[in-house]
>>> print(open('input.cif').read())   # mmCIF, C-alpha atoms
data_work
loop_
_atom_site.label_atom_id
_atom_site.label_comp_id
_atom_site.auth_asym_id
_atom_site.auth_seq_id
_atom_site.Cartn_x
_atom_site.Cartn_y
_atom_site.Cartn_z
CA MET A 1 40.24 -244.35 112.92
CA ALA A 2 36.60 -244.13 111.85
CA ARG A 3 34.15 -246.74 113.07
CA ILE A 4 32.47 -248.23 110.03
CA SER A 5 28.79 -249.10 110.11
CA THR A 6 26.90 -250.94 107.42
CA GLY A 7 23.59 -249.46 108.50
CA ALA A 8 21.99 -246.88 110.74
CA SER A 9 23.18 -246.94 114.33
CA SER A 10 20.63 -247.75 117.02
CA ASP A 11 22.42 -245.42 119.46
CA PRO A 12 20.00 -242.55 120.18
CA THR A 13 22.92 -240.14 120.66
CA VAL A 14 24.08 -240.68 117.09
CA LEU A 15 22.92 -238.14 114.52
CA ARG A 16 21.99 -240.03 111.36
CA TYR A 17 22.13 -237.82 108.28
CA ALA A 18 20.48 -237.90 104.89
CA ILE A 19 22.18 -235.69 102.30
CA VAL A 20 19.52 -234.43 99.90
CA GLY A 21 21.31 -233.05 96.87
CA THR A 22 24.83 -234.40 96.41
CA GLY A 23 26.32 -231.86 94.04
CA MET A 24 29.26 -229.65 94.91
CA MET A 25 27.78 -228.25 98.12
CA GLY A 26 26.33 -231.59 99.19
CA VAL A 27 29.78 -233.16 98.89
CA GLU A 28 31.23 -230.33 100.99
CA HIS A 29 28.75 -231.26 103.72
CA VAL A 30 29.78 -234.91 103.40
CA HIS A 31 33.42 -234.00 104.01
CA ALA A 32 32.47 -231.86 107.02
CA LEU A 33 30.20 -234.46 108.62
CA ARG A 34 32.66 -237.32 108.19
CA SER A 35 34.98 -235.72 110.73
CA LEU A 36 32.39 -235.32 113.51
CA PRO A 37 31.93 -237.87 116.32
CA ASP A 38 28.64 -239.71 116.82
CA THR A 39 27.64 -238.79 113.29
CA GLU A 40 26.55 -241.19 110.59
CA ILE A 41 25.66 -240.53 106.97
CA VAL A 42 23.01 -243.13 106.22
CA ALA A 43 21.39 -241.90 103.00
CA LEU A 44 22.18 -240.00 99.82
CA CYS A 45 19.38 -238.56 97.72
CA ASP A 46 19.83 -237.14 94.22
CA PRO A 47 18.37 -238.02 90.80
CA HIS A 48 21.73 -237.35 89.11
CA ALA A 49 23.90 -240.48 89.17
CA PRO A 50 27.27 -238.68 88.79
CA SER A 51 26.43 -236.54 91.82
CA ILE A 52 25.64 -239.64 93.87
CA ALA A 53 28.95 -241.13 92.74
CA ALA A 54 30.80 -237.99 93.86
CA ALA A 55 29.29 -238.23 97.34
CA GLN A 56 30.10 -241.93 97.56
CA ALA A 57 33.70 -241.19 96.59
CA ALA A 58 33.91 -238.52 99.28
CA LEU A 59 32.66 -240.99 101.88
CA ALA A 60 35.19 -243.58 100.79
CA SER A 61 38.18 -241.25 100.81
CA ASP A 62 40.57 -240.61 103.68
CA ALA A 63 38.73 -242.82 106.20
CA ASP A 64 41.66 -242.67 108.59
CA ASP A 65 41.27 -238.89 109.00
CA THR A 66 37.72 -238.90 110.30
CA ALA A 67 38.62 -238.70 114.00
CA GLY A 68 36.01 -241.00 115.47
CA ALA A 69 33.07 -240.35 113.19
CA ILE A 70 30.71 -243.16 112.32
CA VAL A 71 30.58 -243.36 108.53
CA ALA A 72 27.97 -245.49 106.81
CA HIS A 73 29.96 -247.89 104.62
CA LYS A 74 27.27 -247.95 101.96
CA PRO A 75 24.59 -245.37 102.65
CA ARG A 76 21.28 -246.05 100.99
CA VAL A 77 20.69 -244.20 97.74
CA PHE A 78 17.43 -242.53 96.71
CA SER A 79 16.43 -240.54 93.67
CA ASP A 80 13.64 -238.53 95.31
CA VAL A 81 12.77 -237.18 98.72
CA ASP A 82 9.46 -239.03 99.05
CA SER A 83 11.12 -242.45 98.82
CA LEU A 84 13.80 -241.27 101.24
CA ILE A 85 11.19 -240.26 103.81
CA ALA A 86 9.25 -243.47 103.31
CA ALA A 87 12.37 -245.51 104.07
CA GLY A 88 13.21 -243.48 107.19
CA GLY A 89 16.20 -244.27 109.38
CA PHE A 90 17.57 -240.72 109.57
CA ASN A 91 17.00 -237.92 112.05
CA VAL A 92 18.81 -235.04 110.31
CA ALA A 93 18.61 -233.95 106.68
CA VAL A 94 20.85 -231.57 104.78
CA VAL A 95 19.11 -229.98 101.80
CA ALA A 96 21.63 -228.91 99.15
CA THR A 97 19.47 -229.14 96.05
CA PRO A 98 19.14 -226.36 93.43
CA ASN A 99 17.49 -223.23 94.82
CA PHE A 100 14.29 -223.52 92.82
CA THR A 101 13.59 -226.99 94.25
CA HIS A 102 13.76 -225.99 97.93
CA ARG A 103 10.07 -225.23 98.33
CA ALA A 104 9.01 -228.69 97.14
CA VAL A 105 11.85 -230.62 98.80
CA VAL A 106 11.71 -229.00 102.23
CA GLU A 107 7.95 -229.24 102.88
CA PRO A 108 7.76 -233.05 103.21
CA LEU A 109 10.92 -233.06 105.32
CA LEU A 110 9.31 -230.56 107.69
CA HIS A 111 6.29 -232.84 107.98
CA ALA A 112 8.66 -235.76 108.65
CA GLY A 113 9.81 -233.96 111.80
CA VAL A 114 13.55 -234.36 111.30
CA HIS A 115 16.18 -231.72 112.04
CA LEU A 116 17.03 -229.74 108.91
CA LEU A 117 19.93 -227.77 107.53
CA ILE A 118 18.63 -226.01 104.42
CA GLU A 119 21.29 -224.50 102.20
CA LYS A 120 20.89 -220.84 101.41
CA PRO A 121 18.79 -219.32 100.01
CA LEU A 122 15.83 -220.77 101.85
CA CYS A 123 13.73 -220.24 98.71
CA ILE A 124 13.82 -218.03 95.62
CA THR A 125 10.81 -215.82 96.43
CA THR A 126 9.57 -214.16 99.60
CA GLN A 127 6.22 -215.90 99.14
CA GLN A 128 7.87 -219.33 99.13
CA CYS A 129 9.85 -218.37 102.23
CA ARG A 130 6.69 -217.31 104.04
CA GLU A 131 5.00 -220.58 103.09
CA LEU A 132 7.86 -222.70 104.45
CA ILE A 133 8.03 -220.65 107.64
CA ALA A 134 4.32 -221.24 108.17
CA ILE A 135 4.74 -224.98 107.57
CA GLU A 136 7.70 -225.09 109.97
CA GLN A 137 5.63 -223.39 112.65
CA SER A 138 2.66 -225.69 112.14
CA THR A 139 4.82 -228.84 112.27
CA ALA A 140 7.18 -227.68 115.03
CA ARG A 141 8.05 -230.13 117.77
CA SER A 142 10.06 -229.56 120.91
CA GLY A 143 13.78 -229.70 120.24
CA ARG A 144 13.62 -229.78 116.45
CA VAL A 145 16.24 -227.56 114.83
CA VAL A 146 15.67 -225.99 111.41
CA TRP A 147 18.83 -224.18 110.31
CA THR A 148 19.61 -222.10 107.22
CA GLY A 149 23.02 -222.82 105.71
CA LEU A 150 24.83 -219.48 105.81
CA GLU A 151 28.36 -220.68 106.41
CA TYR A 152 30.07 -217.33 105.77
CA ARG A 153 29.21 -216.49 109.39
CA TYR A 154 31.63 -219.21 110.43
CA MET A 155 34.74 -218.19 108.49
CA ALA A 156 37.52 -217.61 111.02
CA PRO A 157 38.40 -214.00 110.03
CA THR A 158 34.72 -213.05 109.99
CA MET A 159 34.21 -214.58 113.43
CA ARG A 160 37.18 -212.61 114.76
CA LEU A 161 35.77 -209.40 113.23
CA LEU A 162 32.53 -210.14 115.09
CA GLU A 163 34.46 -210.49 118.34
CA HIS A 164 35.92 -207.01 117.85
CA ALA A 165 32.47 -205.64 117.03
CA ARG A 166 31.00 -207.18 120.18
CA SER A 167 33.87 -206.09 122.43
CA GLY A 168 32.91 -202.43 122.23
CA ALA A 169 36.47 -201.38 121.38
CA LEU A 170 35.35 -199.88 118.08
CA GLY A 171 32.66 -197.81 119.77
CA ARG A 172 29.24 -197.37 118.27
CA LEU A 173 29.22 -199.11 114.89
CA ARG A 174 28.48 -196.83 111.95
CA MET A 175 29.58 -198.37 108.64
CA LEU A 176 30.15 -201.84 107.22
CA ALA A 177 31.57 -202.35 103.74
CA ILE A 178 31.69 -205.84 102.22
CA ARG A 179 33.51 -206.60 98.99
CA GLU A 180 33.39 -209.87 97.11
CA HIS A 181 35.57 -209.93 94.01
CA ARG A 182 35.69 -213.45 92.65
CA PHE A 183 35.44 -215.87 89.74
CA PRO A 184 32.26 -216.39 87.67
CA PHE A 185 29.58 -218.85 88.70
CA LEU A 186 30.72 -222.44 88.24
CA VAL A 187 29.04 -224.95 85.95
CA LYS A 188 26.23 -226.81 87.72
CA VAL A 189 24.11 -229.81 86.73
CA GLY A 190 21.73 -228.80 83.96
CA ASP A 191 23.17 -225.25 84.03
CA TRP A 192 20.41 -224.29 86.43
CA ASN A 193 22.45 -221.47 87.96
CA ARG A 194 22.54 -219.45 84.74
CA PHE A 195 18.99 -218.13 85.14
CA ASN A 196 17.30 -215.84 87.65
CA ALA A 197 14.16 -217.97 87.55
CA ASN A 198 16.14 -220.85 89.05
CA THR A 199 18.44 -219.02 91.45
CA GLY A 200 16.39 -216.05 92.63
CA GLY A 201 19.02 -213.81 91.01
CA THR A 202 22.66 -213.23 91.87
CA LEU A 203 21.87 -210.96 94.82
CA VAL A 204 19.80 -213.80 96.30
CA GLU A 205 21.86 -216.81 95.22
CA LYS A 206 25.27 -215.38 96.10
CA CYS A 207 24.77 -212.30 98.20
CA CYS A 208 22.28 -213.50 100.80
CA HIS A 209 25.46 -214.36 102.74
CA PHE A 210 26.43 -210.71 102.89
CA PHE A 211 23.01 -209.34 103.76
CA ASP A 212 22.98 -211.89 106.58
CA LEU A 213 26.39 -210.66 107.75
CA MET A 214 25.21 -207.05 107.69
CA ARG A 215 22.36 -207.83 110.08
CA LEU A 216 24.57 -210.05 112.23
CA VAL A 217 27.38 -207.51 112.61
CA LEU A 218 25.27 -204.38 113.00
CA LYS A 219 22.53 -206.05 115.09
CA SER A 220 19.93 -203.95 113.31
CA GLU A 221 17.29 -204.33 110.62
CA PRO A 222 17.33 -202.76 107.14
CA VAL A 223 14.93 -199.93 106.33
CA ARG A 224 16.10 -198.80 102.86
CA VAL A 225 17.98 -200.43 100.00
CA PHE A 226 19.62 -198.81 96.98
CA ALA A 227 21.11 -201.06 94.31
CA SER A 228 22.54 -201.04 90.82
CA GLY A 229 23.75 -204.09 88.92
CA ALA A 230 24.25 -205.51 85.45
CA GLN A 231 25.40 -208.45 83.37
CA ASP A 232 28.39 -206.93 81.59
CA VAL A 233 30.96 -209.68 81.05
CA ASN A 234 30.01 -213.23 82.03
CA HIS A 235 27.93 -215.76 80.09
CA LEU A 236 27.06 -213.24 77.35
CA HIS A 237 27.69 -215.71 74.54
CA GLU A 238 26.20 -218.79 76.18
CA SER A 239 22.89 -220.32 75.13
CA TYR A 240 20.90 -223.17 76.69
CA ASP A 241 18.02 -224.53 74.63
CA GLY A 242 17.80 -221.14 72.97
CA ARG A 243 17.82 -219.22 76.26
CA ARG A 244 20.55 -216.77 77.18
CA PRO A 245 21.70 -216.43 80.79
CA ASP A 246 20.32 -213.39 82.61
CA ILE A 247 22.24 -213.39 85.91
CA LEU A 248 24.02 -210.27 87.14
CA ASP A 249 27.81 -210.39 87.28
CA ASN A 250 28.40 -207.14 89.17
CA ALA A 251 26.48 -204.87 91.53
CA PHE A 252 26.68 -202.19 94.18
CA VAL A 253 24.18 -202.24 97.04
CA ILE A 254 23.74 -199.72 99.88
CA VAL A 255 21.57 -200.62 102.87
CA ASP A 256 20.35 -198.16 105.51
CA PHE A 257 19.60 -199.70 108.91
CA ALA A 258 17.10 -198.78 111.60
CA GLY A 259 19.76 -197.60 114.04
CA GLY A 260 21.31 -195.19 111.54
CA GLU A 261 24.06 -197.59 110.45
CA ARG A 262 24.90 -198.05 106.78
CA ALA A 263 26.29 -201.02 104.93
CA SER A 264 27.48 -201.52 101.37
CA LEU A 265 28.14 -204.47 99.11
CA ASP A 266 30.58 -204.34 96.19
CA LEU A 267 30.19 -207.50 94.09
CA CYS A 268 32.16 -208.44 90.99
CA MET A 269 32.03 -211.91 89.46
CA PHE A 270 34.84 -211.33 86.95
CA ALA A 271 37.56 -210.27 89.38
CA GLU A 272 39.36 -213.51 90.18
CA ALA A 273 42.70 -211.73 89.57
CA THR A 274 42.80 -210.62 93.18
CA ARG A 275 44.26 -211.71 96.49
CA ASN A 276 41.20 -211.75 98.75
CA GLU A 277 37.86 -213.00 97.53
CA GLN A 278 36.04 -211.40 100.48
CA GLU A 279 36.97 -208.28 102.42
CA LEU A 280 34.97 -206.78 105.27
CA SER A 281 35.57 -203.30 106.70
CA LEU A 282 33.76 -202.29 109.89
CA VAL A 283 34.03 -198.73 111.21
CA GLY A 284 32.88 -197.52 114.60
CA GLU A 285 33.21 -194.15 116.26
CA LEU A 286 36.41 -195.26 118.02
CA GLY A 287 38.12 -197.44 115.45
CA LYS A 288 38.08 -199.77 112.49
CA ALA A 289 38.42 -203.52 111.94
CA GLU A 290 38.98 -205.29 108.64
CA ALA A 291 38.82 -208.97 107.72
CA LEU A 292 40.75 -210.17 104.67
CA VAL A 293 39.21 -213.59 104.43
CA THR A 294 41.39 -215.47 101.96
CA GLU A 295 44.64 -214.32 103.57
CA GLY A 296 43.24 -214.90 107.05
CA ILE A 297 44.17 -211.42 108.24
CA VAL A 298 42.21 -209.28 110.68
CA ARG A 299 43.44 -205.69 110.90
CA VAL A 300 42.37 -203.45 113.79
CA GLY A 301 43.12 -199.81 114.44
CA LEU A 302 41.89 -197.45 117.16
CA ARG A 303 41.69 -193.71 116.63
CA LYS A 304 43.28 -193.00 120.01
CA ASP A 305 46.47 -194.70 118.83
CA GLY A 306 46.98 -192.20 116.01
CA TRP A 307 47.15 -192.39 112.25
CA PHE A 308 48.19 -195.57 110.43
CA GLN A 309 48.70 -197.61 113.59
CA ALA A 310 46.46 -200.55 112.69
CA ARG A 311 47.77 -203.97 113.72
CA ASP A 312 47.48 -207.19 111.73
CA GLU A 313 46.50 -210.50 113.30
CA GLN A 314 46.82 -213.78 111.44
CA VAL A 315 43.72 -215.90 111.99
CA GLN A 316 44.14 -219.58 111.18
CA ALA A 317 41.61 -222.39 110.77
CA ASP A 318 43.52 -224.59 113.23
CA ASP A 319 40.31 -225.84 114.83
CA VAL A 320 39.20 -227.41 111.55
CA PRO A 321 40.30 -231.05 111.04
CA THR A 322 42.93 -231.76 108.40
CA SER A 323 40.49 -234.02 106.58
CA VAL A 324 38.21 -231.00 106.06
CA ARG A 325 40.86 -228.33 105.46
CA LYS A 326 42.54 -230.23 102.67
CA HIS A 327 39.39 -229.98 100.56
CA GLY A 328 39.57 -226.20 100.89
CA SER A 329 35.93 -225.26 100.45
CA HIS A 330 34.76 -222.18 102.35
CA HIS A 331 37.79 -222.23 104.65
CA GLY A 332 36.28 -224.86 106.96
CA SER A 333 33.21 -222.78 107.74
CA SER A 334 30.74 -225.54 106.82
CA TRP A 335 32.40 -227.75 109.44
CA ARG A 336 32.02 -225.05 112.12
CA GLU A 337 28.41 -224.61 111.06
CA HIS A 338 27.73 -228.31 111.62
CA VAL A 339 29.48 -228.22 114.99
CA ALA A 340 27.21 -225.36 116.05
CA MET A 341 24.09 -227.06 114.72
CA GLN A 342 24.88 -230.36 116.42
CA HIS A 343 25.43 -228.50 119.69
CA ALA A 344 21.98 -226.93 119.29
CA ILE A 345 20.37 -230.30 118.54
CA ARG A 346 21.99 -232.09 121.46
CA HIS A 347 21.28 -229.32 123.97
CA GLY A 348 17.75 -228.38 122.92
CA MET A 349 18.80 -224.94 121.70
CA ALA A 350 17.41 -222.78 118.91
CA ALA A 351 19.06 -222.47 115.51
CA GLU A 352 21.53 -219.62 115.21
CA VAL A 353 20.25 -218.80 111.74
#
>>> encode(input="input.cif", output="structure tokens")
Amino acid sequence: MARISTGASSDPTVLRYAIVGTGMMGVEHVHALRSLPDTEIVALCDPHAPSIAAAQAALASDADDTAGAIVAHKPRVFSDVDSLIAAGGFNVAVVATPNFTHRAVVEPLLHAGVHLLIEKPLCITTQQCRELIAIEQSTARSGRVVWTGLEYRYMAPTMRLLEHARSGALGRLRMLAIREHRFPFLVKVGDWNRFNANTGGTLVEKCCHFFDLMRLVLKSEPVRVFASGAQDVNHLHESYDGRRPDILDNAFVIVDFAGGERASLDLCMFAEATRNEQELSLVGELGKAEALVTEGIVRVGLRKDGWFQARDEQVQADDVPTSVRKHGSHHGSSWREHVAMQHAIRHGMAAEV
């Protein structure tokens, strides 16, 4: 049973969260945080009233499933980040606002000195990213954690693939192929995600997850990129205030890495008629491992065992609380991400990403 608090806890071990941006992703963070112990959501910040209402509904639902979390009964509501900061009372903020707002929203939160989880992408241009990194460095304090929300790292099949990569059983890693075949972009408030100027482009908005995974798996840095993409099917007949969407709906990307490894991305945003939304294939000199994310299958084969001898392993999200799993978003990976971030905060460790 959750302990209900009508205000911010005075317990210094409690992490008191402000959710900045309470749209679809913000609500996913609400569901994840509600299940964690010594965690309190004390503030919601969004100028869009229906989004605030969605977060409030998420907080009110399934209170009996929250396994010891402290849930603010009525978190304070703010329409802008400046008034949120002025009111105070929180020590962690989750930024889940539209991509193009990150630069302006994150800067005052960095100056406020709170721990931050900033949803991907950090910003929509490299210049904005450099500016925020410089501000983070100039405002850094001992123990503060600033974390980028790249939850695909924490999907159970992907984590198991990483274990195989780290074990050495596959030998020297040579090739990584990532495929995402999925549904088109969903409708967002104000249709902001229909335009490159707001998102940074599909390969930033959506695919930063996969470029992060390439670096994480291969433990190397990119040196060359080849890419081809287009808008061939989706949003072609839509118009918003006379503007037509310009976001890519399919692309191929090949990345060469410093150690001689290669990685590829195959993206299609009109391929929902499929079984697995994400598939990862990692090949080393001694074997191959695949992760079929939606089905929760990891398939591993070693060359020494002969042809067609790969073995399937079912990887479940059993560690994720029922109250999180039943909402289904990102296979519980946002919850694992918060567990890892809270561990870093409480033990004075650096952010993983």
>>> resolve_selection(input="input.cif", expression="the PyMOL selection byres ((chain A and resi 183) around 8)", output="ChimeraX atom specification")
/A:181-182,184-185,269-272
>>> write_last_selection(input="input.cif", atoms="C-alpha atoms", output="JSON list (two decimals), in the coordinates of the input")
[["chain", "number", "residue", "atom", "x", "y", "z"],
["A", 181, "HIS", "CA", 35.57, -209.93, 94.01],
["A", 182, "ARG", "CA", 35.69, -213.45, 92.65],
["A", 184, "PRO", "CA", 32.26, -216.39, 87.67],
["A", 185, "PHE", "CA", 29.58, -218.85, 88.70],
["A", 269, "MET", "CA", 32.03, -211.91, 89.46],
["A", 270, "PHE", "CA", 34.84, -211.33, 86.95],
["A", 271, "ALA", "CA", 37.56, -210.27, 89.38],
["A", 272, "GLU", "CA", 39.36, -213.51, 90.18]]
>>> resolve_selection(input="input.cif", expression="the PyMOL selection byres ((chain A and resi 307-318) around 6)", output="ChimeraX atom specification")
/A:157,296-301,306,319-320
>>> write_last_selection(input="input.cif", atoms="C-alpha atoms", output="PDB file, keeping the file's coordinate frame")
ATOM      1  CA  PRO A 157      38.400-214.000 110.030  1.00  0.00           C
ATOM      2  CA  GLY A 296      43.240-214.900 107.050  1.00  0.00           C
ATOM      3  CA  ILE A 297      44.170-211.420 108.240  1.00  0.00           C
ATOM      4  CA  VAL A 298      42.210-209.280 110.680  1.00  0.00           C
ATOM      5  CA  ARG A 299      43.440-205.690 110.900  1.00  0.00           C
ATOM      6  CA  VAL A 300      42.370-203.450 113.790  1.00  0.00           C
ATOM      7  CA  GLY A 301      43.120-199.810 114.440  1.00  0.00           C
ATOM      8  CA  GLY A 306      46.980-192.200 116.010  1.00  0.00           C
ATOM      9  CA  ASP A 319      40.310-225.840 114.830  1.00  0.00           C
ATOM     10  CA  VAL A 320      39.200-227.410 111.550  1.00  0.00           C
TER      11      VAL A 320
END
>>> atom_distance(input="input.cif", atom1="atom CA of Thr13 of chain A", atom2="atom CA of Ala86 of chain A")
22.3 Å
>>> resolve_selection(input="input.cif", expression="the PyMOL selection byres ((chain A and resi 159-171) around 9)", output="ChimeraX atom specification")
/A:153-158,172-174,216-218,280-291,298-303,315
>>> residues_around(input="input.cif", residues="Cys268 of chain A", least_positions_apart="4", cutoff="12 Å", atoms="only C-alpha atoms", output="list in words")
Ile178, Arg179, Glu180, His181, Arg182, Phe183, Pro184, Phe185, Thr202, Leu203, Lys206, Cys207, Gly229, Ala230, Gln231, Asp232, Val233, Asn234, Leu248, Asp249, Asn250, Ala251, Phe252, Val253, Glu272, Ala273, Thr274, Glu277 and Gln278 of chain A
>>> closest_residue(input="input.cif", among="A:Glu295, A:Asp80, A:Glu119, A:Asp212", to="Glu279 of chain A", atoms="all atoms listed in the file")
A:Glu295
>>> residues_around(input="input.cif", residues="Ser79 of chain A", least_positions_apart="3", cutoff="10 Å", atoms="all atoms listed in the file", output="VMD selection string")
chain A and resid 20 to 21 44 to 49 52 82 to 84
>>> residues_around(input="input.cif", residues="Val27 of chain A", least_positions_apart="3", cutoff="9 Å", atoms="all atoms listed in the file", output="PyMOL selection string")
chain A and resi 19+21-24+30-32+51+54-56+58-59
>>> write_last_selection(input="input.cif", atoms="C-alpha atoms", output="mmCIF file, in the frame of the given file")
data_model
loop_
_atom_site.group_PDB
_atom_site.id
_atom_site.type_symbol
_atom_site.label_atom_id
_atom_site.label_comp_id
_atom_site.auth_asym_id
_atom_site.auth_seq_id
_atom_site.Cartn_x
_atom_site.Cartn_y
_atom_site.Cartn_z
ATOM 1 C CA ILE A 19 22.180 -235.690 102.300
ATOM 2 C CA GLY A 21 21.310 -233.050 96.870
ATOM 3 C CA THR A 22 24.830 -234.400 96.410
ATOM 4 C CA GLY A 23 26.320 -231.860 94.040
ATOM 5 C CA MET A 24 29.260 -229.650 94.910
ATOM 6 C CA VAL A 30 29.780 -234.910 103.400
ATOM 7 C CA HIS A 31 33.420 -234.000 104.010
ATOM 8 C CA ALA A 32 32.470 -231.860 107.020
ATOM 9 C CA SER A 51 26.430 -236.540 91.820
ATOM 10 C CA ALA A 54 30.800 -237.990 93.860
ATOM 11 C CA ALA A 55 29.290 -238.230 97.340
ATOM 12 C CA GLN A 56 30.100 -241.930 97.560
ATOM 13 C CA ALA A 58 33.910 -238.520 99.280
ATOM 14 C CA LEU A 59 32.660 -240.990 101.880
#
>>> closest_residue(input="input.cif", among="A:Ala197, A:Leu267, A:Val187, A:Ile124", to="Asp246 of chain A", atoms="all atoms listed in the file")
A:Ala197
>>> atom_distance(input="input.cif", atom1="atom CA of Val77 of chain A", atom2="atom CA of Ala140 of chain A")
27.5 Å
>>> atom_distance(input="input.cif", atom1="atom CA of Thr125 of chain A", atom2="atom CA of His331 of chain A")
28.9 Å
>>> closest_residue(input="input.cif", among="A:Gly332, A:Pro121, A:Gly201, A:Gly26", to="Ile247 of chain A", atoms="only C-alpha atoms")
A:Gly201
>>> closest_residue(input="input.cif", among="A:Val223, A:Leu116, A:Ile345, A:Leu176", to="Leu265 of chain A", atoms="only C-alpha atoms")
A:Leu176
>>> residues_near_point(input="input.cif", point="(14.9, -216.8, 81.3)", cutoff="12 Å", atoms="only C-alpha atoms", output="list in words")
Trp192, Asn193, Arg194, Phe195, Asn196, Ala197, Asn198, Thr199, Gly200, Gly201, Ser239, Tyr240, Asp241, Gly242, Arg243, Arg244, Pro245, Asp246 and Ile247 of chain A
>>> residues_around(input="input.cif", residues="Glu352 of chain A", least_positions_apart="6", cutoff="12 Å", atoms="only C-alpha atoms", output="PyMOL selection string")
chain A and resi 117+145-151+153-154+212+216+337-345
>>> write_last_selection(input="input.cif", atoms="C-alpha atoms", output="compact mmCIF listing (two decimals), keeping the file's coordinate frame")
# COMPACT_ATOMS: atom_id res chain seq x y z
CA LEU A 117 19.93 -227.77 107.53
CA VAL A 145 16.24 -227.56 114.83
CA VAL A 146 15.67 -225.99 111.41
CA TRP A 147 18.83 -224.18 110.31
CA THR A 148 19.61 -222.10 107.22
CA GLY A 149 23.02 -222.82 105.71
CA LEU A 150 24.83 -219.48 105.81
CA GLU A 151 28.36 -220.68 106.41
CA ARG A 153 29.21 -216.49 109.39
CA TYR A 154 31.63 -219.21 110.43
CA ASP A 212 22.98 -211.89 106.58
CA LEU A 216 24.57 -210.05 112.23
CA GLU A 337 28.41 -224.61 111.06
CA HIS A 338 27.73 -228.31 111.62
CA VAL A 339 29.48 -228.22 114.99
CA ALA A 340 27.21 -225.36 116.05
CA MET A 341 24.09 -227.06 114.72
CA GLN A 342 24.88 -230.36 116.42
CA HIS A 343 25.43 -228.50 119.69
CA ALA A 344 21.98 -226.93 119.29
CA ILE A 345 20.37 -230.30 118.54
>>> axis_aligned_box(input="input.cif", around="segment 230-245 of chain A", padding_each_side="3 Å", output="AutoDock Vina command-line options")
--center_x 24.4 --center_y -215.0 --center_z 79.2 --size_x 19.2 --size_y 25.0 --size_z 18.5
